[in-house]
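S.K.: Structure in structure tokens, see below.
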Amino acid sequence: MASSRLIIFCGKGGVGKTTLSLAAGLRHAVEGHRVLVVSSHPLPELALAVSLEGLSARFPSASKNFFVIYIDPRDLIADLVRQYFPVPMMSDRILKSAIFMNLIEVAPGLKEFFFLGRLQELAERKNDDGTSGSLPGYDYLIWDAPATGHFLATLRSAKNFEVFLSGPLATAGAQLHRFFSNPENIQLFPVTPLEEMAIAETVETAQVMSGEFDIPCSAVLINSASPMCTATPAEMALAESLRDSSPAMRFAVERGWIERERRAELAAVLPLPEVVIPRLTHCANDLDLLARLGERMDLSQFS
Amino acid sequence: MKIIVCLGTGGVGKTSVAAATALAAARDGAKCLVLTTDPALRLRTALGLKPGLLEQRVELNDSPGELWAALLDVNATLDEAVRLYAKPRDQQRILEHSIYRTIAHSLSGMGELMAVERIDQLIRRGFDNLVIDTAPARHALDIFDKPVLFADFSDSGRVRFVSRTYKFAEALGLTTIGRNALEIYSRAEAILGSNMVREILDFYSLFYPIAEGYSERARHTVARLRDPKITEFRVVTIPDKAVRDTGFFIEELKKRGFRAGMVCINRAWTHELPSVIPDGFAAELLDWYAGMSESHRQSAEKVRETYGADVQQIRMLHELERDVEGVDSLRQLADQLQAAPLEVRP
């Protein structure tokens with residue numbers, strides 16, 4: 001099998017990228033695929049939910065193929081130093097040196113650049129189980145990307161290295177930029193609730209991604225939708241007639257209308273396939289939430 | 001002088017709460033400014049915010065005080081610092097330097113450094129109250145650490161020494177082998193390439209006078225931010241993230257010896273449910289609302305149980321039915337902030 005494409009979940013901060021990455025990952029792992037979710041921020045509680053015993057009890061098949069990691073670019077740079085200087089005394093001295101660490105911190109985009117390199121390496125692994133001696137690859141490699149601004153800055157770091165520097169880092173930058181600008185390597189899924197700011201960012205990200213990187217969006221993941229969002233006209237009429245029966249009803253109906261308007265606006269600007277993921281209530285625990293969200297998230301239909 | 005620092009992760013309405021906090025202070029008669037980084041378009045319009053260095057006054061007709069707003073424009077603040085503090089002959093070289101341009105492109109860390117610079121400028125301009133809307137991220141408190149680290153680093157003279165010896169070695173025509181005597185950065189060169197190292201050092205030697213002046217101001221400003229008589233920390237969160245965010249920020253504040261003031265649980269669904277539940281889809285919709293509402297109350301309760309002793313007060317602010325245009329949305333939030341606390345159910 002050819003190497004899998006890198007699946008990116010991007011969007012504004014707090015829209016549910018991590019939750020949906022884990023939910024989609026869990027779903028495909030339950031189906032028997034090898035799945036890796038890469039997070040660029042330290043793992044929150046939800047990720048722990050999938051690493052706990054609950055997983056092996058409820059989804060024994062998934063617990064063997066489902067991996068969630070957090071990559072700290074500082075560790076990658078430290079690894080590189082250790083490769084160059086295999087004697088621990090020497091490498092430790094460099095790593096502990098204030099000058100070296102400050103160079104790393106002040107070099108703009110350096111950490112992001114190393115992070116991209118690692119993602120590319122993971123994406124290019126072959127999809128076998130590693131028995132042939134190579135490192136095992138993944139059927140689904142999902143990057144739970146940082147919030148939009150940092151996400152775009154990360155992708156641009158490769159290009160910036162190419163443009164602003166010369167020498168080996170510039171060459172590596174050009175090569176990375178090629179990888180991340182090739183739609184054959186990347187599948188992009190913006191995540192957005194039906195809220196003004198998040199939608200605006202989604203549209204902006206889609207434009208930047210197709211303009212600067214030649215990467216189209218595969219589908220928009222509409223998160224936290226209310227029941228009104230997918231209601232039939234008859235259901236809408238019923239809800240509307242009861243609007244003023246209580247403050248809660250008024251809020252729910254009003255909210256529903258706003259969401260439907262925003263969804264129509266979004267579809268008009270970004271005519272893409274949509275996956276509507278409801279805001280779920282009454283979940284027993286995080287694992288239950290992820291499993292129920294995962295039911296709606298079949299990514300294979302977009303490959 | 002009072003400073004309120006609003007902390008919160010993305011998507012919780014932190015900027016709105018910050019602006020409403022400033023509005024409430026203006027109603028009490030203060031000359032108050034909210035400094036924000038990236039407000040929603042509607043709020044941006046309501047506050048009349050434009051990129052650049054100017055503060056905008058927001059017209060209020062119901063307040064004895066004044067409400068002002070300013071956008072933290074990192075590039076403009078940085079360029080201004082270069083113009084103010086670099087030698088005239090170096091200014092153009094700095095502004096056109098490739099490292100400077102890259103910094104301007106990828107900004108990581110510059111936000112925190114420039115926020116402190118901007119706060120200093122605003123304090124000098126005589127505002128009674130400042131409300132700081134920090135970056136929407138968990139590392140928001142870097143605003144206290146980074147400037148000081150940067151100041152220590154710049155003051156140590158290390159960079160100046162390194163860049164001078166490096167240039168000296170080059171000027172003497174010493175090759176890579178010669179520079180190897182300067183052990184650490186020859187290691188850095190091996191990894192980053194000599195071009196990159198030279199660029200960084202070259203940039204630092206140019207940037208040094210700015211860093212020096214900056215360090216002094218930053219230390220002074222951070223000291224004020226650390227003074228509990230002047231500064232209050234306010235955690236803004238939403239019900240789904242309330243327990244996690246509150247725990248995280250309380251811990252981060254404790255590490256630095258600060259105490260949290262108010263925890264605002266924003267966008268809570270606390271609207272009253274009907275006594276008689278209707279049929280069909282309406283029942284489904286209400287059941288969905290009730291489920292959300294119950295989980296919101298539970299998280300607020302959990303925050304109170306777990307962190308009640310660590311904070312001064314916990315407020316639930318209910319979500320507005322429809323986004324209100326302009327300053328009116330802030331008035332509604334300010335009303336909630338000024339009203340008797342909507343108590344978290346015991």
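Chains: A, B, ... in order of the structure tokens. Residues: from 1 per chain. Ligands: from 1, in order shown.
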Please check the contacts: residues of chain B at most 6 Å away from chain A, using only C-alpha atoms, listed as a list in words.
M.R.: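 My answer is Gly10, Gly11, Ala40, Ile103, Ser106, His271, Glu272, Leu273, Pro274, Phe281, Ala282, Gly291 and Glu321 of chain B.
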S.K.: I need the chosen residues saved as a PDB file, in the first residue's frame, with C-alpha atoms.
M.R.:
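Result saved to out-v5.pdb:
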ATOM      1  CA  GLY B  10      -9.397  30.412  22.642  1.00  0.00           C
ATOM      2  CA  GLY B  11     -13.092  30.731  21.884  1.00  0.00           C
ATOM      3  CA  ALA B  40     -14.024  39.430  16.578  1.00  0.00           C
ATOM      4  CA  ILE B 103      10.410  37.724  13.082  1.00  0.00           C
ATOM      5  CA  SER B 106       6.399  34.390  12.416  1.00  0.00           C
ATOM      6  CA  HIS B 271     -32.232  29.959  30.891  1.00  0.00           C
ATOM      7  CA  GLU B 272     -35.374  28.844  32.636  1.00  0.00           C
ATOM      8  CA  LEU B 273     -37.045  25.623  31.438  1.00  0.00           C
ATOM      9  CA  PRO B 274     -40.850  25.338  31.113  1.00  0.00           C
ATOM     10  CA  PHE B 281     -39.425  17.794  18.077  1.00  0.00           C
ATOM     11  CA  ALA B 282     -39.957  20.574  20.639  1.00  0.00           C
ATOM     12  CA  GLY B 291     -28.916  18.355  28.922  1.00  0.00           C
ATOM     13  CA  GLU B 321     -29.804  34.760  22.699  1.00  0.00           C
TER      14      GLU B 321
END
S.K.: Quick one: residues within 8 Å of B:Ala30, only C-alpha atoms counted, chain neighbours fewer than 5 positions away excluded, as a list in words?
M.R.: Ala25, Pro64, Gly65, Glu66, Asp128 and Asn129 of chain B
S.K.: Quick one: pull the distance between atom CA of B:Phe203 and atom CA of B:Ser98, Å, one decimal.
M.R.: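 Computing it gives 8.5 Å between the two atoms.
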S.K.: Show me, as a PDB file with C-alpha atoms, in the first residue's frame, the residues that have an atom within 12 Å of B:Asn266 when counting only C-alpha atoms, minus same-chain residues fewer than 6 positions from it.
M.R.:
ATOM      1  CA  GLY B   8      -8.370  32.261  28.969  1.00  0.00           C
ATOM      2  CA  GLY B  11     -13.092  30.731  21.884  1.00  0.00           C
ATOM      3  CA  VAL B  12     -14.401  31.623  25.341  1.00  0.00           C
ATOM      4  CA  GLY B  13     -15.370  35.231  24.680  1.00  0.00           C
ATOM      5  CA  LYS B  14     -12.416  36.541  26.653  1.00  0.00           C
ATOM      6  CA  THR B  15     -12.178  39.748  24.656  1.00  0.00           C
ATOM      7  CA  SER B  16     -15.858  40.534  25.216  1.00  0.00           C
ATOM      8  CA  VAL B  17     -15.529  39.939  28.950  1.00  0.00           C
ATOM      9  CA  ALA B  18     -12.393  42.102  29.016  1.00  0.00           C
ATOM     10  CA  VAL B 235      -9.932  33.687  34.446  1.00  0.00           C
ATOM     11  CA  VAL B 236     -12.464  33.626  31.610  1.00  0.00           C
ATOM     12  CA  THR B 237     -13.741  30.264  30.509  1.00  0.00           C
ATOM     13  CA  ILE B 238     -16.828  28.478  29.203  1.00  0.00           C
ATOM     14  CA  PRO B 239     -18.711  25.688  30.989  1.00  0.00           C
ATOM     15  CA  ASP B 240     -17.225  22.852  28.922  1.00  0.00           C
ATOM     16  CA  LYS B 241     -13.698  23.957  29.707  1.00  0.00           C
ATOM     17  CA  ALA B 242     -14.295  25.517  33.118  1.00  0.00           C
ATOM     18  CA  HIS B 296     -23.060  23.645  32.483  1.00  0.00           C
ATOM     19  CA  ARG B 297     -24.335  23.806  36.063  1.00  0.00           C
ATOM     20  CA  SER B 299     -19.123  22.101  35.697  1.00  0.00           C
ATOM     21  CA  ALA B 300     -19.674  25.382  37.541  1.00  0.00           C
ATOM     22  CA  ILE B 314     -16.981  32.613  40.687  1.00  0.00           C
ATOM     23  CA  ARG B 315     -19.477  34.113  38.259  1.00  0.00           C
ATOM     24  CA  MET B 316     -21.688  32.488  35.652  1.00  0.00           C
ATOM     25  CA  LEU B 317     -22.520  34.799  32.755  1.00  0.00           C
ATOM     26  CA  HIS B 318     -25.381  33.584  30.590  1.00  0.00           C
ATOM     27  CA  GLU B 319     -25.065  33.401  26.854  1.00  0.00           C
ATOM     28  CA  LEU B 320     -27.014  36.028  24.934  1.00  0.00           C
ATOM     29  CA  LEU B 333     -22.310  41.654  29.751  1.00  0.00           C
ATOM     30  CA  GLN B 336     -24.232  40.857  34.405  1.00  0.00           C
ATOM     31  CA  LEU B 337     -20.802  41.637  35.837  1.00  0.00           C
ATOM     32  CA  LEU B 342     -25.591  34.686  39.831  1.00  0.00           C
TER      33      LEU B 342
END
S.K.: DSSP on the backbone, then: every residue of stretch 106-170 of chain A marked strand (DSSP E or B), written as a count of residues only.
M.R.: 5
S.K.: Tell me, which residues of stretch 113-302 of chain A carry DSSP helix (DSSP H, G or I), written as a PyMOL selection string?
M.R.: chain A and resi 113-124+148-164+168-180+196-213+227-230+233-241+243-245+247-269+286-294+299-302
S.K.: Atom CA of B:Val131 and atom CA of B:Val34, how far apart in Å?
M.R.: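 Computing it gives 4.6 Å between the two atoms.
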S.K.: Hey, what's within 8 Å of B:Gly326 if we count only C-alpha atoms and toss same-chain stuff fewer than 5 positions away? As a list in words, please?
M.R.: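 Within the cut-off, the hits are Arg42, Leu43, Thr45, Ala46 and Leu47 of chain B.
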S.K.: Give me, please, the distance in Å between atom CA of B:Asn61 and atom CA of B:Leu49, quoted to one decimal.
M.R.: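 Atom CA of B:Leu49 lies at a distance of 19.0 Å from atom CA of B:Asn61.
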